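Shown next, in structure tokens, is the structure this report addresses.
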Amino acid sequence: MGAPENPVLADAVSIARGAEFFNINCALCHGPQGLGNGKVSAWVLNPANLTLPVVQNKSDGALFLTITFGITGRMPALNENLLVRDRWDVVNFLRTLAA
């Protein structure tokens with residue numbers, strides 16, 4: 001079936017919401033600019049630098065699925081923390097972090 005398509009327009013409202021959710025749920029590991037240098041990154045297995053092409057070249061749907069289900073042994077699933085719309089907003093915010 002593949003990764004889902006992003007149904008949420010990446011407008012100012014979505015990006016602002018995504019930034020807020022990112023700061024609450026992601027920045028501790030990934031850092032406020034997504035560089036993988038958050039406050040707890042020393043205790044986490046190499047949080048991804050979200051500004052790099054290896055992340056930014058992924059489809060919105062692939063990023064959404066990673067946020068939803070996490071990465072075994074590296075990143076927790078956030079499907080219980082964030083509603084579906086909230087996760088798409090985070091995806092839209094992640095696009096603003098491109099190096």
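Identifiers in the structure tokens: chain A, B, ... in order shown; residue index from 1 per chain; ligand index from 1 in order shown.
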Near-Cys29 (chain A) list (8 Å; only C-alpha atoms; drop same-chain fewer than 4 positions) as a list in words: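 In the requested form, the answer reads Gly36, Asn37, Gly38, Lys39, Val40, Ser41, Val44 and Pro47 of chain A.
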Just the selected residues (N, CA, C and O atoms), exported as a PDB file, in the first residue's frame, please.
```pdb
ATOM      1  N   GLY A  36      19.775  16.771  16.122  1.00  0.00           N
ATOM      2  CA  GLY A  36      20.132  15.535  16.811  1.00  0.00           C
ATOM      3  C   GLY A  36      20.928  15.766  18.078  1.00  0.00           C
ATOM      4  O   GLY A  36      21.565  14.854  18.592  1.00  0.00           O
ATOM      5  N   ASN A  37      20.879  16.983  18.597  1.00  0.00           N
ATOM      6  CA  ASN A  37      21.677  17.349  19.766  1.00  0.00           C
ATOM      7  C   ASN A  37      20.822  17.829  20.935  1.00  0.00           C
ATOM      8  O   ASN A  37      21.180  18.756  21.635  1.00  0.00           O
ATOM      9  N   GLY A  38      19.695  17.179  21.149  1.00  0.00           N
ATOM     10  CA  GLY A  38      18.807  17.575  22.236  1.00  0.00           C
ATOM     11  C   GLY A  38      19.405  17.293  23.598  1.00  0.00           C
ATOM     12  O   GLY A  38      20.447  16.641  23.723  1.00  0.00           O
ATOM     13  N   LYS A  39      18.750  17.757  24.630  1.00  0.00           N
ATOM     14  CA  LYS A  39      19.250  17.655  26.008  1.00  0.00           C
ATOM     15  C   LYS A  39      19.481  16.220  26.457  1.00  0.00           C
ATOM     16  O   LYS A  39      20.334  15.978  27.292  1.00  0.00           O
ATOM     17  N   VAL A  40      18.732  15.267  25.935  1.00  0.00           N
ATOM     18  CA  VAL A  40      18.908  13.874  26.343  1.00  0.00           C
ATOM     19  C   VAL A  40      19.611  13.048  25.260  1.00  0.00           C
ATOM     20  O   VAL A  40      19.689  11.836  25.369  1.00  0.00           O
ATOM     21  N   SER A  41      20.144  13.693  24.250  1.00  0.00           N
ATOM     22  CA  SER A  41      20.750  12.957  23.138  1.00  0.00           C
ATOM     23  C   SER A  41      21.937  12.107  23.574  1.00  0.00           C
ATOM     24  O   SER A  41      22.237  11.094  22.952  1.00  0.00           O
ATOM     25  N   VAL A  44      20.498   8.728  24.357  1.00  0.00           N
ATOM     26  CA  VAL A  44      19.682   8.120  23.306  1.00  0.00           C
ATOM     27  C   VAL A  44      20.621   7.672  22.196  1.00  0.00           C
ATOM     28  O   VAL A  44      21.626   8.312  21.926  1.00  0.00           O
ATOM     29  N   PRO A  47      20.199  10.234  18.020  1.00  0.00           N
ATOM     30  CA  PRO A  47      18.998  10.839  17.430  1.00  0.00           C
ATOM     31  C   PRO A  47      19.339  11.407  16.052  1.00  0.00           C
ATOM     32  O   PRO A  47      20.404  11.981  15.844  1.00  0.00           O
TER      33      PRO A  47
END
```
Residue neighbourhood Val91 (chain A), 7 Å, only C-alpha atoms, exclusion window fewer than 2 positions, as a PyMOL selection string: chain A and resi 60+63-64+87-89+93-95
Output file for the selection above: all heavy atoms, as a PDB file, in the first residue's frame:
```pdb
ATOM      1  N   ASP A  60       6.702  12.604   2.726  1.00  0.00           N
ATOM      2  CA  ASP A  60       5.926  13.017   3.899  1.00  0.00           C
ATOM      3  C   ASP A  60       5.320  11.795   4.586  1.00  0.00           C
ATOM      4  O   ASP A  60       5.312  11.694   5.809  1.00  0.00           O
ATOM      5  CB  ASP A  60       4.809  13.983   3.498  1.00  0.00           C
ATOM      6  CG  ASP A  60       5.302  15.380   3.185  1.00  0.00           C
ATOM      7  OD1 ASP A  60       6.525  15.626   3.262  1.00  0.00           O
ATOM      8  OD2 ASP A  60       4.456  16.231   2.842  1.00  0.00           O
ATOM      9  N   LEU A  63       7.863   9.941   6.710  1.00  0.00           N
ATOM     10  CA  LEU A  63       8.096  10.654   7.966  1.00  0.00           C
ATOM     11  C   LEU A  63       6.924  10.457   8.922  1.00  0.00           C
ATOM     12  O   LEU A  63       7.113  10.233  10.119  1.00  0.00           O
ATOM     13  CB  LEU A  63       8.332  12.142   7.703  1.00  0.00           C
ATOM     14  CG  LEU A  63       9.598  12.485   6.916  1.00  0.00           C
ATOM     15  CD1 LEU A  63       9.629  13.978   6.604  1.00  0.00           C
ATOM     16  CD2 LEU A  63      10.840  12.048   7.654  1.00  0.00           C
ATOM     17  N   PHE A  64       5.710  10.528   8.391  1.00  0.00           N
ATOM     18  CA  PHE A  64       4.509  10.321   9.198  1.00  0.00           C
ATOM     19  C   PHE A  64       4.532   8.938   9.844  1.00  0.00           C
ATOM     20  O   PHE A  64       4.238   8.794  11.040  1.00  0.00           O
ATOM     21  CB  PHE A  64       3.261  10.490   8.328  1.00  0.00           C
ATOM     22  CG  PHE A  64       1.978  10.197   9.045  1.00  0.00           C
ATOM     23  CD1 PHE A  64       1.367  11.170   9.802  1.00  0.00           C
ATOM     24  CD2 PHE A  64       1.381   8.947   8.959  1.00  0.00           C
ATOM     25  CE1 PHE A  64       0.177  10.911  10.482  1.00  0.00           C
ATOM     26  CE2 PHE A  64       0.199   8.673   9.621  1.00  0.00           C
ATOM     27  CZ  PHE A  64      -0.401   9.656  10.385  1.00  0.00           C
ATOM     28  N   ARG A  87       0.407  14.846  13.882  1.00  0.00           N
ATOM     29  CA  ARG A  87       1.584  14.219  13.269  1.00  0.00           C
ATOM     30  C   ARG A  87       1.856  14.799  11.892  1.00  0.00           C
ATOM     31  O   ARG A  87       3.009  15.019  11.521  1.00  0.00           O
ATOM     32  CB  ARG A  87       1.411  12.706  13.208  1.00  0.00           C
ATOM     33  CG  ARG A  87       1.596  12.059  14.583  1.00  0.00           C
ATOM     34  CD  ARG A  87       1.364  10.569  14.543  1.00  0.00           C
ATOM     35  NE  ARG A  87       0.006  10.319  15.001  1.00  0.00           N
ATOM     36  CZ  ARG A  87      -0.739   9.295  14.655  1.00  0.00           C
ATOM     37  NH1 ARG A  87      -0.298   8.384  13.831  1.00  0.00           N
ATOM     38  NH2 ARG A  87      -1.952   9.167  15.140  1.00  0.00           N
ATOM     39  N   TRP A  88       0.810  15.072  11.117  1.00  0.00           N
ATOM     40  CA  TRP A  88       1.010  15.709   9.803  1.00  0.00           C
ATOM     41  C   TRP A  88       1.552  17.119   9.980  1.00  0.00           C
ATOM     42  O   TRP A  88       2.388  17.572   9.188  1.00  0.00           O
ATOM     43  CB  TRP A  88      -0.287  15.715   8.992  1.00  0.00           C
ATOM     44  CG  TRP A  88      -0.637  14.375   8.427  1.00  0.00           C
ATOM     45  CD1 TRP A  88      -1.754  13.637   8.695  1.00  0.00           C
ATOM     46  CD2 TRP A  88       0.122  13.615   7.486  1.00  0.00           C
ATOM     47  NE1 TRP A  88      -1.723  12.465   7.984  1.00  0.00           N
ATOM     48  CE2 TRP A  88      -0.583  12.425   7.220  1.00  0.00           C
ATOM     49  CE3 TRP A  88       1.344  13.814   6.838  1.00  0.00           C
ATOM     50  CZ2 TRP A  88      -0.120  11.446   6.347  1.00  0.00           C
ATOM     51  CZ3 TRP A  88       1.804  12.835   5.960  1.00  0.00           C
ATOM     52  CH2 TRP A  88       1.083  11.675   5.717  1.00  0.00           C
ATOM     53  N   ASP A  89       1.102  17.823  11.005  1.00  0.00           N
ATOM     54  CA  ASP A  89       1.640  19.160  11.274  1.00  0.00           C
ATOM     55  C   ASP A  89       3.134  19.074  11.598  1.00  0.00           C
ATOM     56  O   ASP A  89       3.916  19.914  11.144  1.00  0.00           O
ATOM     57  CB  ASP A  89       0.885  19.834  12.414  1.00  0.00           C
ATOM     58  CG  ASP A  89      -0.531  20.234  12.046  1.00  0.00           C
ATOM     59  OD1 ASP A  89      -0.814  20.444  10.847  1.00  0.00           O
ATOM     60  OD2 ASP A  89      -1.370  20.333  12.966  1.00  0.00           O
ATOM     61  N   PHE A  93       6.231  20.834   9.667  1.00  0.00           N
ATOM     62  CA  PHE A  93       7.275  21.604  10.339  1.00  0.00           C
ATOM     63  C   PHE A  93       8.662  21.064  10.011  1.00  0.00           C
ATOM     64  O   PHE A  93       9.604  21.845   9.790  1.00  0.00           O
ATOM     65  CB  PHE A  93       7.046  21.600  11.862  1.00  0.00           C
ATOM     66  CG  PHE A  93       8.208  22.163  12.620  1.00  0.00           C
ATOM     67  CD1 PHE A  93       8.471  23.525  12.598  1.00  0.00           C
ATOM     68  CD2 PHE A  93       9.063  21.342  13.318  1.00  0.00           C
ATOM     69  CE1 PHE A  93       9.551  24.063  13.270  1.00  0.00           C
ATOM     70  CE2 PHE A  93      10.157  21.868  13.999  1.00  0.00           C
ATOM     71  CZ  PHE A  93      10.399  23.229  13.974  1.00  0.00           C
ATOM     72  N   LEU A  94       8.804  19.748   9.979  1.00  0.00           N
ATOM     73  CA  LEU A  94      10.120  19.157   9.678  1.00  0.00           C
ATOM     74  C   LEU A  94      10.670  19.648   8.355  1.00  0.00           C
ATOM     75  O   LEU A  94      11.883  19.804   8.200  1.00  0.00           O
ATOM     76  CB  LEU A  94      10.021  17.637   9.668  1.00  0.00           C
ATOM     77  CG  LEU A  94       9.757  16.946  11.005  1.00  0.00           C
ATOM     78  CD1 LEU A  94       9.676  15.442  10.809  1.00  0.00           C
ATOM     79  CD2 LEU A  94      10.811  17.310  12.032  1.00  0.00           C
ATOM     80  N   ARG A  95       9.806  19.918   7.405  1.00  0.00           N
ATOM     81  CA  ARG A  95      10.259  20.417   6.090  1.00  0.00           C
ATOM     82  C   ARG A  95      10.925  21.785   6.195  1.00  0.00           C
ATOM     83  O   ARG A  95      11.725  22.140   5.351  1.00  0.00           O
ATOM     84  CB  ARG A  95       9.087  20.467   5.106  1.00  0.00           C
ATOM     85  CG  ARG A  95       8.505  19.116   4.775  1.00  0.00           C
ATOM     86  CD  ARG A  95       9.559  18.221   4.197  1.00  0.00           C
ATOM     87  NE  ARG A  95       8.983  16.951   3.758  1.00  0.00           N
ATOM     88  CZ  ARG A  95       9.697  15.876   3.557  1.00  0.00           C
ATOM     89  NH1 ARG A  95      11.012  15.898   3.727  1.00  0.00           N
ATOM     90  NH2 ARG A  95       9.132  14.770   3.158  1.00  0.00           N
TER      91      ARG A  95
END
```
Asn92 (chain A) surroundings by only C-alpha atoms, 7 Å radius, close-in-sequence under 5 positions cut, as a PDB file with N, CA, C and O atoms, in the first residue's frame:
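Written file, around-v4.pdb:
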```
ATOM      1  N   ALA A  10       0.661  22.624   4.015  1.00  0.00           N
ATOM      2  CA  ALA A  10       1.771  23.152   4.829  1.00  0.00           C
ATOM      3  C   ALA A  10       1.691  24.672   4.901  1.00  0.00           C
ATOM      4  O   ALA A  10       2.581  25.386   4.449  1.00  0.00           O
ATOM      5  N   SER A  14      -0.420  25.203  10.116  1.00  0.00           N
ATOM      6  CA  SER A  14       0.073  23.840  10.281  1.00  0.00           C
ATOM      7  C   SER A  14       1.519  23.836  10.767  1.00  0.00           C
ATOM      8  O   SER A  14       1.881  23.083  11.674  1.00  0.00           O
ATOM      9  N   ILE A  15       2.349  24.676  10.180  1.00  0.00           N
ATOM     10  CA  ILE A  15       3.761  24.718  10.561  1.00  0.00           C
ATOM     11  C   ILE A  15       3.917  25.198  12.004  1.00  0.00           C
ATOM     12  O   ILE A  15       4.721  24.648  12.768  1.00  0.00           O
ATOM     13  N   GLY A  18       2.880  22.364  14.175  1.00  0.00           N
ATOM     14  CA  GLY A  18       3.925  21.348  14.122  1.00  0.00           C
ATOM     15  C   GLY A  18       5.127  21.723  14.967  1.00  0.00           C
ATOM     16  O   GLY A  18       5.710  20.875  15.653  1.00  0.00           O
TER      17      GLY A  18
END
```
Shell of 12 Å around region 80-83 of chain A, only C-alpha atoms, local chain residues under 3 positions omitted, as a list in words: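 With the cut-off at 12 Å, the set is Arg17, Gly18, Glu20, Phe21, Phe22, Ile24, Asn25, Cys26, Phe64, Ile67, Thr68, Phe69, Gly70, Pro76, Ala77, Asp86, Arg87, Trp88, Asp89, Val90 and Val91 of chain A.
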Residues flagged alpha helix (DSSP H) by DSSP in chain A, as a PyMOL selection string: chain A and resi 12-25+27-30+53-56+60-69+84-94
File of the preceding selection, C-alpha atoms, as a short mmCIF file (atom, residue, chain, number, x, y, z; two decimals), in the first residue's frame:
```cif
data_model
loop_
_atom_site.label_atom_id
_atom_site.label_comp_id
_atom_site.auth_asym_id
_atom_site.auth_seq_id
_atom_site.Cartn_x
_atom_site.Cartn_y
_atom_site.Cartn_z
CA ALA A 12 1.53 28.91 8.47
CA VAL A 13 -1.04 27.44 10.89
CA SER A 14 0.07 23.84 10.28
CA ILE A 15 3.76 24.72 10.56
CA ALA A 16 3.20 26.67 13.80
CA ARG A 17 1.23 23.76 15.26
CA GLY A 18 3.92 21.35 14.12
CA ALA A 19 6.63 23.47 15.76
CA GLU A 20 4.73 23.42 19.04
CA PHE A 21 4.25 19.65 18.96
CA PHE A 22 7.89 19.17 17.92
CA ASN A 23 9.11 21.26 20.85
CA ILE A 24 7.01 19.22 23.28
CA ASN A 25 7.59 15.73 21.89
CA ALA A 27 13.20 18.46 20.76
CA LEU A 28 14.51 16.71 23.88
CA CYS A 29 16.23 14.17 21.61
CA HIS A 30 16.48 15.92 18.23
CA PRO A 53 19.09 14.95 3.07
CA VAL A 54 18.81 11.37 4.37
CA VAL A 55 15.75 12.54 6.32
CA GLN A 56 14.55 15.42 4.15
CA ASP A 60 5.93 13.02 3.90
CA GLY A 61 4.21 9.66 4.34
CA ALA A 62 7.45 7.95 5.36
CA LEU A 63 8.10 10.65 7.97
CA PHE A 64 4.51 10.32 9.20
CA LEU A 65 4.93 6.55 9.60
CA THR A 66 8.20 7.02 11.50
CA ILE A 67 6.53 9.49 13.86
CA THR A 68 3.56 7.15 14.23
CA PHE A 69 5.37 3.86 14.85
CA VAL A 84 -3.21 12.07 13.23
CA ARG A 85 -3.56 15.77 12.31
CA ASP A 86 -0.86 16.70 14.83
CA ARG A 87 1.58 14.22 13.27
CA TRP A 88 1.01 15.71 9.80
CA ASP A 89 1.64 19.16 11.27
CA VAL A 90 4.96 17.88 12.65
CA VAL A 91 5.83 16.55 9.18
CA ASN A 92 5.08 19.97 7.69
CA PHE A 93 7.28 21.60 10.34
CA LEU A 94 10.12 19.16 9.68
#
```
